[in-house]
Amino acid sequence: QVQLVESGGGLVQPGGSLRLSCAASRRLFAINTMAWYRQTPGKQRELVAAITSGGSTNYADSVKGRFTISTDNAKNTVSLQMNSLKVEDTAVYYCNIRIAIANLWGQGTQVTVSS
């Protein structure tokens, strides 16, 4: 069974930067989209950024201009560069990869933005 492992979360001050990475345990084929979601207590999980197999990207309005999603050439990993972080970006961030036969999720990584 394929596993997605996230890394890069942590504590950062407002205005700072973090880079999240998500790696699949094995090579994936027939990828449709790779994305990052986030969730805070009591709220629904929301889409932060997504990238299609063709390279098209989509961002939540709240992160446009601050976050950048990217994949490696082999498309085994997806990263999220987060700049100019705000307190309201605090959440658990989840990696999501949709392939033809499955919708895969990582275990989540905590991002805390606080002074």
# chains A, B, ... in the order shown; residues from 1 in each chain; ligands from 1
$ select_by_dssp --residues "chain A" --states "helix (DSSP H, G or I)" --output "number ranges by chain"
A: 61-63, 87-89
$ write_last_selection --atoms "C-alpha atoms" --output "JSON list (two decimals), in the first residue's frame"
[["chain", "number", "residue", "atom", "x", "y", "z"],
["A", 61, "ASP", "CA", -7.52, 33.10, -2.37],
["A", 62, "SER", "CA", -6.08, 33.43, 1.12],
["A", 63, "VAL", "CA", -2.66, 32.12, 0.05],
["A", 87, "VAL", "CA", -1.20, 33.54, 12.27],
["A", 88, "GLU", "CA", -4.29, 32.39, 10.39],
["A", 89, "ASP", "CA", -2.19, 29.93, 8.40]]
$ select_by_dssp --residues "chain A" --states "strand (DSSP E)" --output "number ranges by chain"
A: 4-7, 10-12, 18-24, 31-39, 46-52, 57-59, 67-71, 77-82, 91-99, 102-105, 109-113
$ closest_residue --among "A:Ser79, A:Thr109, A:Thr40, A:Thr68" --to "A:Ala23" --atoms "only C-alpha atoms"
A:Ser79
$ closest_residue --among "A:Cys95, A:Ala35, A:Leu85, A:Val111" --to "A:Gly16" --atoms "only C-alpha atoms"
A:Leu85
$ residues_around --residues "stretch 52-56 of chain A" --least-positions-apart "5" --cutoff "7 Å" --atoms "only C-alpha atoms" --output "list in words"
Ile31, Asn32, Thr33 and Met34 of chain A
$ atom_distance --atom1 "atom CA of A:Arg26" --atom2 "atom CA of A:Ala91"
27.1 Å
